[in-house]
file entry15.pdb (PDB, C-alpha atoms and all ligand atoms)
MODEL        1
ATOM      1  CA  MET A   1       3.829  16.498   5.733  1.00  0.00           C
ATOM      2  CA  GLU A   2       1.054  19.106   5.737  1.00  0.00           C
ATOM      3  CA  VAL A   3      -1.028  18.138   2.727  1.00  0.00           C
ATOM      4  CA  HIS A   4      -3.145  20.734   0.968  1.00  0.00           C
ATOM      5  CA  ASN A   5      -2.835  19.835  -2.635  1.00  0.00           C
ATOM      6  CA  VAL A   6      -3.389  16.447  -4.256  1.00  0.00           C
ATOM      7  CA  GLU A   7      -4.013  15.720  -7.896  1.00  0.00           C
ATOM      8  CA  ILE A   8      -4.767  12.452  -9.570  1.00  0.00           C
ATOM      9  CA  THR A   9      -2.360  12.626 -12.404  1.00  0.00           C
ATOM     10  CA  THR A  10      -2.268   9.416 -14.329  1.00  0.00           C
ATOM     11  CA  SER A  11      -3.736   5.987 -14.643  1.00  0.00           C
ATOM     12  CA  ALA A  12      -1.298   3.600 -16.274  1.00  0.00           C
ATOM     13  CA  VAL A  13      -1.130  -0.010 -17.355  1.00  0.00           C
ATOM     14  CA  LYS A  14       2.283   0.221 -19.040  1.00  0.00           C
ATOM     15  CA  PRO A  15       5.536   2.172 -18.605  1.00  0.00           C
ATOM     16  CA  SER A  16       4.890   4.575 -21.477  1.00  0.00           C
ATOM     17  CA  GLN A  17       1.911   5.849 -19.469  1.00  0.00           C
ATOM     18  CA  TYR A  18       3.788   6.497 -16.203  1.00  0.00           C
ATOM     19  CA  PRO A  19       4.272  10.174 -15.336  1.00  0.00           C
ATOM     20  CA  GLN A  20       7.390  11.608 -16.908  1.00  0.00           C
ATOM     21  CA  THR A  21       8.909  13.297 -13.876  1.00  0.00           C
ATOM     22  CA  ASP A  22      11.690  12.618 -11.392  1.00  0.00           C
ATOM     23  CA  ILE A  23       9.428  13.035  -8.376  1.00  0.00           C
ATOM     24  CA  PRO A  24       9.852  10.115  -5.918  1.00  0.00           C
ATOM     25  CA  GLU A  25       7.092   7.519  -5.786  1.00  0.00           C
ATOM     26  CA  ILE A  26       5.716   5.422  -2.936  1.00  0.00           C
ATOM     27  CA  ALA A  27       3.514   2.471  -3.898  1.00  0.00           C
ATOM     28  CA  PHE A  28       0.695   0.995  -1.825  1.00  0.00           C
ATOM     29  CA  VAL A  29      -0.124  -2.697  -2.148  1.00  0.00           C
ATOM     30  CA  GLY A  30      -2.522  -5.037  -0.387  1.00  0.00           C
ATOM     31  CA  ARG A  31      -5.537  -7.296  -0.685  1.00  0.00           C
ATOM     32  CA  SER A  32      -8.746  -5.631  -1.706  1.00  0.00           C
ATOM     33  CA  ASN A  33     -10.660  -4.466   1.385  1.00  0.00           C
ATOM     34  CA  VAL A  34      -7.559  -4.358   3.598  1.00  0.00           C
ATOM     35  CA  GLY A  35      -7.987  -0.584   4.065  1.00  0.00           C
ATOM     36  CA  LYS A  36      -5.699   0.810   1.391  1.00  0.00           C
ATOM     37  CA  SER A  37      -7.877   3.699   0.316  1.00  0.00           C
ATOM     38  CA  SER A  38      -8.655   4.491   3.951  1.00  0.00           C
ATOM     39  CA  LEU A  39      -4.921   4.704   4.693  1.00  0.00           C
ATOM     40  CA  THR A  40      -4.086   6.856   1.686  1.00  0.00           C
ATOM     41  CA  ASN A  41      -7.053   9.140   2.311  1.00  0.00           C
ATOM     42  CA  SER A  42      -5.943   9.557   5.945  1.00  0.00           C
ATOM     43  CA  LEU A  43      -2.426  10.441   4.843  1.00  0.00           C
ATOM     44  CA  ILE A  44      -3.693  13.164   2.533  1.00  0.00           C
ATOM     45  CA  ASN A  45      -6.458  14.339   4.895  1.00  0.00           C
ATOM     46  CA  ARG A  46      -9.237  13.530   2.483  1.00  0.00           C
ATOM     47  CA  ARG A  47     -12.440  11.692   3.150  1.00  0.00           C
ATOM     48  CA  SER A  48     -12.673  10.032  -0.233  1.00  0.00           C
ATOM     49  CA  PHE A  49     -10.043  10.895  -2.724  1.00  0.00           C
ATOM     50  CA  ALA A  50      -8.531   7.537  -3.474  1.00  0.00           C
ATOM     51  CA  ARG A  51     -11.262   5.282  -4.783  1.00  0.00           C
ATOM     52  CA  THR A  52     -12.560   2.878  -2.184  1.00  0.00           C
ATOM     53  CA  SER A  53     -12.803  -0.809  -2.995  1.00  0.00           C
ATOM     54  CA  SER A  54     -12.716  -0.800  -6.771  1.00  0.00           C
ATOM     55  CA  GLN A  55     -14.829  -3.507  -8.286  1.00  0.00           C
ATOM     56  CA  PRO A  56     -13.394  -6.882  -9.242  1.00  0.00           C
ATOM     57  CA  GLY A  57     -13.422  -7.517 -12.961  1.00  0.00           C
ATOM     58  CA  LYS A  58     -13.005  -3.852 -13.831  1.00  0.00           C
ATOM     59  CA  THR A  59      -9.936  -2.640 -15.670  1.00  0.00           C
ATOM     60  CA  GLN A  60      -7.206  -2.448 -13.080  1.00  0.00           C
ATOM     61  CA  THR A  61      -4.736   0.383 -13.412  1.00  0.00           C
ATOM     62  CA  LEU A  62      -1.876   1.880 -11.471  1.00  0.00           C
ATOM     63  CA  ASN A  63      -3.149   5.237 -10.223  1.00  0.00           C
ATOM     64  CA  PHE A  64      -0.653   8.019  -9.578  1.00  0.00           C
ATOM     65  CA  TYR A  65      -1.619  10.737  -7.098  1.00  0.00           C
ATOM     66  CA  LYS A  66       0.659  13.728  -6.894  1.00  0.00           C
ATOM     67  CA  VAL A  67       0.911  15.020  -3.316  1.00  0.00           C
ATOM     68  CA  GLU A  68       2.140  18.583  -2.729  1.00  0.00           C
ATOM     69  CA  GLU A  69       4.224  18.406  -5.934  1.00  0.00           C
ATOM     70  CA  GLN A  70       6.720  16.358  -3.888  1.00  0.00           C
ATOM     71  CA  VAL A  71       5.760  12.711  -4.049  1.00  0.00           C
ATOM     72  CA  PHE A  72       3.521  10.397  -6.023  1.00  0.00           C
ATOM     73  CA  PHE A  73       1.395   7.888  -4.158  1.00  0.00           C
ATOM     74  CA  VAL A  74       0.925   4.969  -6.501  1.00  0.00           C
ATOM     75  CA  ASP A  75      -2.183   2.966  -5.814  1.00  0.00           C
ATOM     76  CA  VAL A  76      -1.552  -0.584  -6.958  1.00  0.00           C
ATOM     77  CA  PRO A  77      -4.883  -2.365  -7.464  1.00  0.00           C
ATOM     78  CA  GLY A  78      -5.812  -4.806  -4.706  1.00  0.00           C
ATOM     79  CA  TYR A  79      -4.858  -8.412  -5.193  1.00  0.00           C
ATOM     80  CA  GLY A  80      -6.873 -11.357  -4.025  1.00  0.00           C
ATOM     81  CA  TYR A  81      -9.896 -11.246  -6.276  1.00  0.00           C
ATOM     82  CA  ALA A  82     -11.030 -14.847  -6.578  1.00  0.00           C
ATOM     83  CA  LYS A  83     -13.277 -14.024  -9.487  1.00  0.00           C
ATOM     84  CA  VAL A  84     -10.966 -12.673 -12.156  1.00  0.00           C
ATOM     85  CA  SER A  85      -9.865 -14.978 -14.953  1.00  0.00           C
ATOM     86  CA  LYS A  86      -6.420 -16.554 -15.093  1.00  0.00           C
ATOM     87  CA  LYS A  87      -5.519 -14.379 -18.061  1.00  0.00           C
ATOM     88  CA  MET A  88      -6.508 -11.218 -16.182  1.00  0.00           C
ATOM     89  CA  ARG A  89      -4.509 -12.312 -13.178  1.00  0.00           C
ATOM     90  CA  GLU A  90      -1.428 -12.862 -15.322  1.00  0.00           C
ATOM     91  CA  GLU A  91      -1.707  -9.512 -17.088  1.00  0.00           C
ATOM     92  CA  PHE A  92      -2.287  -7.833 -13.775  1.00  0.00           C
ATOM     93  CA  GLY A  93       0.734  -9.548 -12.198  1.00  0.00           C
ATOM     94  CA  GLN A  94       2.870  -8.538 -15.132  1.00  0.00           C
ATOM     95  CA  MET A  95       1.793  -4.908 -14.882  1.00  0.00           C
ATOM     96  CA  ILE A  96       2.639  -4.755 -11.177  1.00  0.00           C
ATOM     97  CA  GLU A  97       5.893  -6.643 -11.559  1.00  0.00           C
ATOM     98  CA  THR A  98       7.074  -4.344 -14.343  1.00  0.00           C
ATOM     99  CA  TYR A  99       6.275  -1.261 -12.304  1.00  0.00           C
ATOM    100  CA  LEU A 100       7.857  -2.487  -9.063  1.00  0.00           C
ATOM    101  CA  THR A 101      11.078  -3.748 -10.643  1.00  0.00           C
ATOM    102  CA  GLU A 102      11.741  -1.206 -13.388  1.00  0.00           C
ATOM    103  CA  ARG A 103      10.902   2.151 -11.899  1.00  0.00           C
ATOM    104  CA  PRO A 104      13.873   4.159 -10.581  1.00  0.00           C
ATOM    105  CA  GLN A 105      11.544   6.768  -9.037  1.00  0.00           C
ATOM    106  CA  LEU A 106      10.020   4.113  -6.774  1.00  0.00           C
ATOM    107  CA  LYS A 107      11.530   4.665  -3.306  1.00  0.00           C
ATOM    108  CA  GLY A 108       9.507   2.246  -1.250  1.00  0.00           C
ATOM    109  CA  VAL A 109       6.372   0.163  -0.933  1.00  0.00           C
ATOM    110  CA  VAL A 110       3.745   0.296   1.791  1.00  0.00           C
ATOM    111  CA  SER A 111       2.433  -3.246   2.092  1.00  0.00           C
ATOM    112  CA  LEU A 112      -0.862  -3.510   3.941  1.00  0.00           C
ATOM    113  CA  VAL A 113      -2.070  -6.452   6.003  1.00  0.00           C
ATOM    114  CA  ASP A 114      -5.045  -6.769   8.347  1.00  0.00           C
ATOM    115  CA  ALA A 115      -3.886  -6.413  11.974  1.00  0.00           C
ATOM    116  CA  ARG A 116      -6.480  -8.941  13.129  1.00  0.00           C
ATOM    117  CA  HIS A 117      -5.419 -11.896  11.027  1.00  0.00           C
ATOM    118  CA  GLU A 118      -2.413 -13.879   9.993  1.00  0.00           C
ATOM    119  CA  PRO A 119      -1.195 -12.636   6.621  1.00  0.00           C
ATOM    120  CA  SER A 120      -2.731 -14.535   3.699  1.00  0.00           C
ATOM    121  CA  GLU A 121      -0.655 -16.584   1.282  1.00  0.00           C
ATOM    122  CA  GLU A 122      -0.864 -13.699  -1.161  1.00  0.00           C
ATOM    123  CA  ASP A 123       0.294 -11.208   1.481  1.00  0.00           C
ATOM    124  CA  ILE A 124       3.273 -13.461   2.190  1.00  0.00           C
ATOM    125  CA  ALA A 125       4.034 -13.947  -1.515  1.00  0.00           C
ATOM    126  CA  MET A 126       3.917 -10.195  -2.151  1.00  0.00           C
ATOM    127  CA  TYR A 127       6.138  -9.454   0.833  1.00  0.00           C
ATOM    128  CA  ASN A 128       8.684 -12.127  -0.096  1.00  0.00           C
ATOM    129  CA  TRP A 129       8.759 -10.846  -3.604  1.00  0.00           C
ATOM    130  CA  LEU A 130       9.413  -7.236  -2.496  1.00  0.00           C
ATOM    131  CA  THR A 131      12.206  -8.207  -0.152  1.00  0.00           C
ATOM    132  CA  TYR A 132      13.720 -10.506  -2.785  1.00  0.00           C
ATOM    133  CA  TYR A 133      14.109  -7.410  -4.975  1.00  0.00           C
ATOM    134  CA  ASN A 134      15.489  -5.455  -2.006  1.00  0.00           C
ATOM    135  CA  ILE A 135      12.676  -2.941  -2.201  1.00  0.00           C
ATOM    136  CA  PRO A 136      12.275  -1.011   1.087  1.00  0.00           C
ATOM    137  CA  VAL A 137       8.935  -2.032   2.616  1.00  0.00           C
ATOM    138  CA  LEU A 138       6.772  -0.595   5.339  1.00  0.00           C
ATOM    139  CA  VAL A 139       4.370  -3.288   6.513  1.00  0.00           C
ATOM    140  CA  VAL A 140       1.267  -1.503   7.778  1.00  0.00           C
ATOM    141  CA  ALA A 141      -1.149  -3.523   9.881  1.00  0.00           C
ATOM    142  CA  THR A 142      -4.550  -1.902   9.310  1.00  0.00           C
ATOM    143  CA  LYS A 143      -7.742  -1.693  11.389  1.00  0.00           C
ATOM    144  CA  ALA A 144      -5.704  -1.664  14.600  1.00  0.00           C
ATOM    145  CA  ASP A 145      -8.682  -0.089  16.412  1.00  0.00           C
ATOM    146  CA  LYS A 146     -10.444  -3.444  16.089  1.00  0.00           C
ATOM    147  CA  ILE A 147      -8.041  -5.071  18.529  1.00  0.00           C
ATOM    148  CA  ALA A 148      -7.237  -4.040  22.088  1.00  0.00           C
ATOM    149  CA  ARG A 149      -4.031  -2.059  22.604  1.00  0.00           C
ATOM    150  CA  GLY A 150      -2.819  -4.794  24.933  1.00  0.00           C
ATOM    151  CA  LYS A 151      -2.844  -7.213  22.001  1.00  0.00           C
ATOM    152  CA  TRP A 152      -0.936  -5.073  19.493  1.00  0.00           C
ATOM    153  CA  ASN A 153       2.449  -6.582  20.320  1.00  0.00           C
ATOM    154  CA  LYS A 154       1.080 -10.069  19.879  1.00  0.00           C
ATOM    155  CA  ALA A 155      -0.531  -9.125  16.542  1.00  0.00           C
ATOM    156  CA  GLU A 156       2.757  -7.610  15.394  1.00  0.00           C
ATOM    157  CA  SER A 157       4.728 -10.723  16.229  1.00  0.00           C
ATOM    158  CA  VAL A 158       2.183 -13.030  14.543  1.00  0.00           C
ATOM    159  CA  ILE A 159       2.420 -10.957  11.360  1.00  0.00           C
ATOM    160  CA  LYS A 160       6.205 -10.687  11.427  1.00  0.00           C
ATOM    161  CA  LYS A 161       6.608 -14.403  12.014  1.00  0.00           C
ATOM    162  CA  ALA A 162       4.300 -15.354   9.128  1.00  0.00           C
ATOM    163  CA  LEU A 163       6.062 -12.958   6.772  1.00  0.00           C
ATOM    164  CA  GLU A 164       9.537 -13.979   7.950  1.00  0.00           C
ATOM    165  CA  PHE A 165       9.987 -10.281   8.484  1.00  0.00           C
ATOM    166  CA  ASP A 166      13.313  -8.917   7.258  1.00  0.00           C
ATOM    167  CA  ARG A 167      14.665  -6.101   9.436  1.00  0.00           C
ATOM    168  CA  GLU A 168      17.199  -5.096   6.807  1.00  0.00           C
ATOM    169  CA  THR A 169      14.680  -3.981   4.224  1.00  0.00           C
ATOM    170  CA  SER A 170      11.519  -3.510   6.261  1.00  0.00           C
ATOM    171  CA  ALA A 171       9.767  -1.523   8.925  1.00  0.00           C
ATOM    172  CA  PHE A 172       6.454  -2.232  10.652  1.00  0.00           C
ATOM    173  CA  GLN A 173       3.613   0.029  11.774  1.00  0.00           C
ATOM    174  CA  MET A 174       0.193  -0.530  13.336  1.00  0.00           C
ATOM    175  CA  PHE A 175      -2.412   1.822  11.863  1.00  0.00           C
ATOM    176  CA  SER A 176      -6.040   2.816  12.325  1.00  0.00           C
ATOM    177  CA  ALA A 177      -7.958   4.970   9.885  1.00  0.00           C
ATOM    178  CA  VAL A 178     -10.547   5.495  12.635  1.00  0.00           C
ATOM    179  CA  THR A 179      -8.242   6.870  15.354  1.00  0.00           C
ATOM    180  CA  LYS A 180      -5.398   7.906  12.956  1.00  0.00           C
ATOM    181  CA  SER A 181      -2.983   6.077  15.216  1.00  0.00           C
ATOM    182  CA  GLY A 182       0.219   5.419  13.262  1.00  0.00           C
ATOM    183  CA  LYS A 183      -0.375   8.134  10.689  1.00  0.00           C
ATOM    184  CA  ASP A 184       2.602  10.300  11.717  1.00  0.00           C
ATOM    185  CA  GLU A 185       4.862   7.252  11.757  1.00  0.00           C
ATOM    186  CA  VAL A 186       3.762   6.217   8.259  1.00  0.00           C
ATOM    187  CA  TRP A 187       4.439   9.756   7.009  1.00  0.00           C
ATOM    188  CA  ALA A 188       7.853   9.761   8.720  1.00  0.00           C
ATOM    189  CA  TRP A 189       8.785   6.557   6.897  1.00  0.00           C
ATOM    190  CA  ILE A 190       7.567   7.983   3.562  1.00  0.00           C
ATOM    191  CA  GLU A 191       9.529  11.212   4.047  1.00  0.00           C
ATOM    192  CA  GLU A 192      12.647   9.259   4.935  1.00  0.00           C
ATOM    193  CA  ARG A 193      12.261   7.199   1.759  1.00  0.00           C
ATOM    194  CA  MET A 194      11.620  10.345  -0.334  1.00  0.00           C
ATOM    195  CA  ALA A 195      14.922  11.801   0.848  1.00  0.00           C
ATOM    196  CA  ASP A 196      16.902   8.719  -0.142  1.00  0.00           C
TER     197      ASP A 196
HETATM  198  P1  LIG A 201      -9.398  -1.057   0.164  1.00  0.00           P
HETATM  199  O1  LIG A 201     -10.268  -1.951  -0.663  1.00  0.00           O
HETATM  200  O2  LIG A 201      -8.143  -1.750   0.566  1.00  0.00           O
HETATM  201  O3  LIG A 201      -9.148   0.297  -0.429  1.00  0.00           O
HETATM  202  O4  LIG A 201     -10.174  -0.876   1.563  1.00  0.00           O
HETATM  203  P2  LIG A 201     -11.026   0.364   2.112  1.00  0.00           P
HETATM  204  O5  LIG A 201     -10.128   1.464   2.540  1.00  0.00           O
HETATM  205  O6  LIG A 201     -12.106   0.686   1.161  1.00  0.00           O
HETATM  206  O7  LIG A 201     -11.613  -0.289   3.443  1.00  0.00           O
HETATM  207  C1  LIG A 201     -12.387  -1.482   3.419  1.00  0.00           C
HETATM  208  C2  LIG A 201     -13.345  -1.482   4.604  1.00  0.00           C
HETATM  209  O8  LIG A 201     -12.626  -1.511   5.832  1.00  0.00           O
HETATM  210  C3  LIG A 201     -14.214  -0.230   4.663  1.00  0.00           C
HETATM  211  O9  LIG A 201     -15.477  -0.606   5.145  1.00  0.00           O
HETATM  212  C4  LIG A 201     -13.504   0.656   5.661  1.00  0.00           C
HETATM  213  O10 LIG A 201     -14.365   1.550   6.323  1.00  0.00           O
HETATM  214  C5  LIG A 201     -12.931  -0.365   6.626  1.00  0.00           C
HETATM  215  N1  LIG A 201     -11.679   0.129   7.239  1.00  0.00           N
HETATM  216  C6  LIG A 201     -10.562   0.540   6.582  1.00  0.00           C
HETATM  217  N2  LIG A 201      -9.610   0.923   7.455  1.00  0.00           N
HETATM  218  C7  LIG A 201     -10.132   0.762   8.697  1.00  0.00           C
HETATM  219  C8  LIG A 201      -9.624   0.991  10.034  1.00  0.00           C
HETATM  220  O11 LIG A 201      -8.490   1.410  10.256  1.00  0.00           O
HETATM  221  N3  LIG A 201     -10.472   0.683  11.054  1.00  0.00           N
HETATM  222  C9  LIG A 201     -11.717   0.191  10.867  1.00  0.00           C
HETATM  223  N4  LIG A 201     -12.452  -0.084  11.945  1.00  0.00           N
HETATM  224  N5  LIG A 201     -12.229  -0.028   9.631  1.00  0.00           N
HETATM  225  C10 LIG A 201     -11.449   0.252   8.561  1.00  0.00           C
ENDMDL
END

call {"tool": "encode", "arguments": {"input": "entry15.pdb", "output": "structure tokens"}}
result
Amino acid sequence: MEVHNVEITTSAVKPSQYPQTDIPEIAFVGRSNVGKSSLTNSLINRRSFARTSSQPGKTQTLNFYKVEEQVFFVDVPGYGYAKVSKKMREEFGQMIETYLTERPQLKGVVSLVDARHEPSEEDIAMYNWLTYYNIPVLVVATKADKIARGKWNKAESVIKKALEFDRETSAFQMFSAVTKSGKDEVWAWIEERMAD
């Protein structure tokens, strides 16, 4: 998609605050620092639209970005903050769970993992949870420029094995925000999901 127009529309912590439209939504999930804002900014051709690395401990909200009046990108706050309290973690989990399971407009989830490492326990838990609910998932392995091309296949198989990758519900893509490798493929997956 050629992107010219992006608006941040809404920040929400509960369903009554979600945008009241029928526009399809694609959510982005991943550990903090995995490269989520870099991916979304690449997709919309912006240097810094989506906030980068929001601070732990701050109020965490679902942020809805309207892209070309055609799709909402929903930035789900990064998981994996060791520092937040148990209560915050529970509220946060509840907010995400409610959104991901009760939102008809949600057409798919882009789940980010670091291409260089085995997925963390939280990455695996999130992925299992998404596939359990039959939510279409694109696993994006970020920072692919940090490993040699010759090792991409190996990285892909390590990630898929750890996740117990499910071909029925999921697709996989290597991505680099530095070289933009994988960007067209991520867009193609999003556009396919939007049309569903
Ligand atoms: P977020 O917390 O998931 O939104 O992560 P950011 O997008 O803010 O990225 C975290 C750090 O990783 C930043 O220093 C980015 O510059 C870096 N980063 C993100 N994506 C890439 C990538 O594809 N390649 C490289 N080399 N660095 C990246």

call {"tool": "closest_residue", "arguments": {"input": "entry15.pdb", "among": "A:Ile23, A:Ile159, A:Val110, A:Val34", "to": "A:Trp187", "atoms": "all atoms listed in the file"}}
result
A:Val110

call {"tool": "residues_near_ligand", "arguments": {"input": "entry15.pdb", "ligand": "ligand LIG 201 (chain A)", "cutoff": "10 Å", "atoms": "only C-alpha atoms and all ligand atoms", "output": "MDAnalysis selection string"}}
result
chainID A and resid 28:42 48 50:55 75 77:79 112:115 141:147 174:181

call {"tool": "closest_residue", "arguments": {"input": "entry15.pdb", "among": "A:Glu192, A:Ile8, A:Leu138, A:Asn153", "to": "A:Arg167", "atoms": "only C-alpha atoms"}}
result
A:Leu138

call {"tool": "closest_residue", "arguments": {"input": "entry15.pdb", "among": "A:Ala148, A:Val67, A:Val140, A:Ile124", "to": "A:Gln173", "atoms": "only C-alpha atoms"}}
result
A:Val140

call {"tool": "closest_residue", "arguments": {"input": "entry15.pdb", "among": "A:Asn128, A:Gln70, A:Thr9, A:Asn134", "to": "A:Lys160", "atoms": "all atoms listed in the file"}}
result
A:Asn128

call {"tool": "atom_distance", "arguments": {"input": "entry15.pdb", "atom1": "atom CA of A:Val74", "atom2": "atom CA of A:Lys87"}}
result
23.4 Å

call {"tool": "residues_around", "arguments": {"input": "entry15.pdb", "residues": "stretch 99-109 of chain A", "least_positions_apart": "5", "cutoff": "6 Å", "atoms": "all atoms listed in the file", "output": "CSV table (one decimal) with C-alpha atoms, in the coordinates of the input"}}
result
chain,number,residue,atom,x,y,z
A,24,PRO,CA,9.9,10.1,-5.9
A,25,GLU,CA,7.1,7.5,-5.8
A,26,ILE,CA,5.7,5.4,-2.9
A,27,ALA,CA,3.5,2.5,-3.9
A,28,PHE,CA,0.7,1.0,-1.8
A,136,PRO,CA,12.3,-1.0,1.1
A,137,VAL,CA,8.9,-2.0,2.6
A,193,ARG,CA,12.3,7.2,1.8

call {"tool": "resolve_selection", "arguments": {"input": "entry15.pdb", "expression": "the PyMOL selection byres (((chain A and resi 1-4) around 7) and not hetatm)", "output": "VMD selection string"}}
result
chain A and resid 5 to 6 44 to 45 68 187

call {"tool": "resolve_selection", "arguments": {"input": "entry15.pdb", "expression": "the PyMOL selection byres (((chain A and resi 15) around 10) and not hetatm)", "output": "count of residues only"}}
result
13

call {"tool": "closest_residue", "arguments": {"input": "entry15.pdb", "among": "A:Glu7, A:Gln60, A:Val158, A:Thr21", "to": "A:Glu91", "atoms": "all atoms listed in the file"}}
result
A:Gln60

call {"tool": "axis_aligned_box", "arguments": {"input": "entry15.pdb", "around": "stretch 188-192 of chain A", "padding_each_side": "3 Å", "output": "lines of an AutoDock Vina configuration file"}}
result
center_x = 10.1
center_y = 8.9
center_z = 6.1
size_x = 11.1
size_y = 10.7
size_z = 11.2

call {"tool": "atom_distance", "arguments": {"input": "entry15.pdb", "atom1": "atom CA of A:Ser111", "atom2": "atom CA of A:Asp184"}}
result
16.6 Å

call {"tool": "atom_distance", "arguments": {"input": "entry15.pdb", "atom1": "atom CA of A:Glu97", "atom2": "atom CA of A:Glu164"}}
result
21.2 Å

call {"tool": "closest_residue", "arguments": {"input": "entry15.pdb", "among": "A:Tyr133, A:Lys183, A:Phe165, A:Trp189", "to": "A:Leu43", "atoms": "all atoms listed in the file"}}
result
A:Lys183
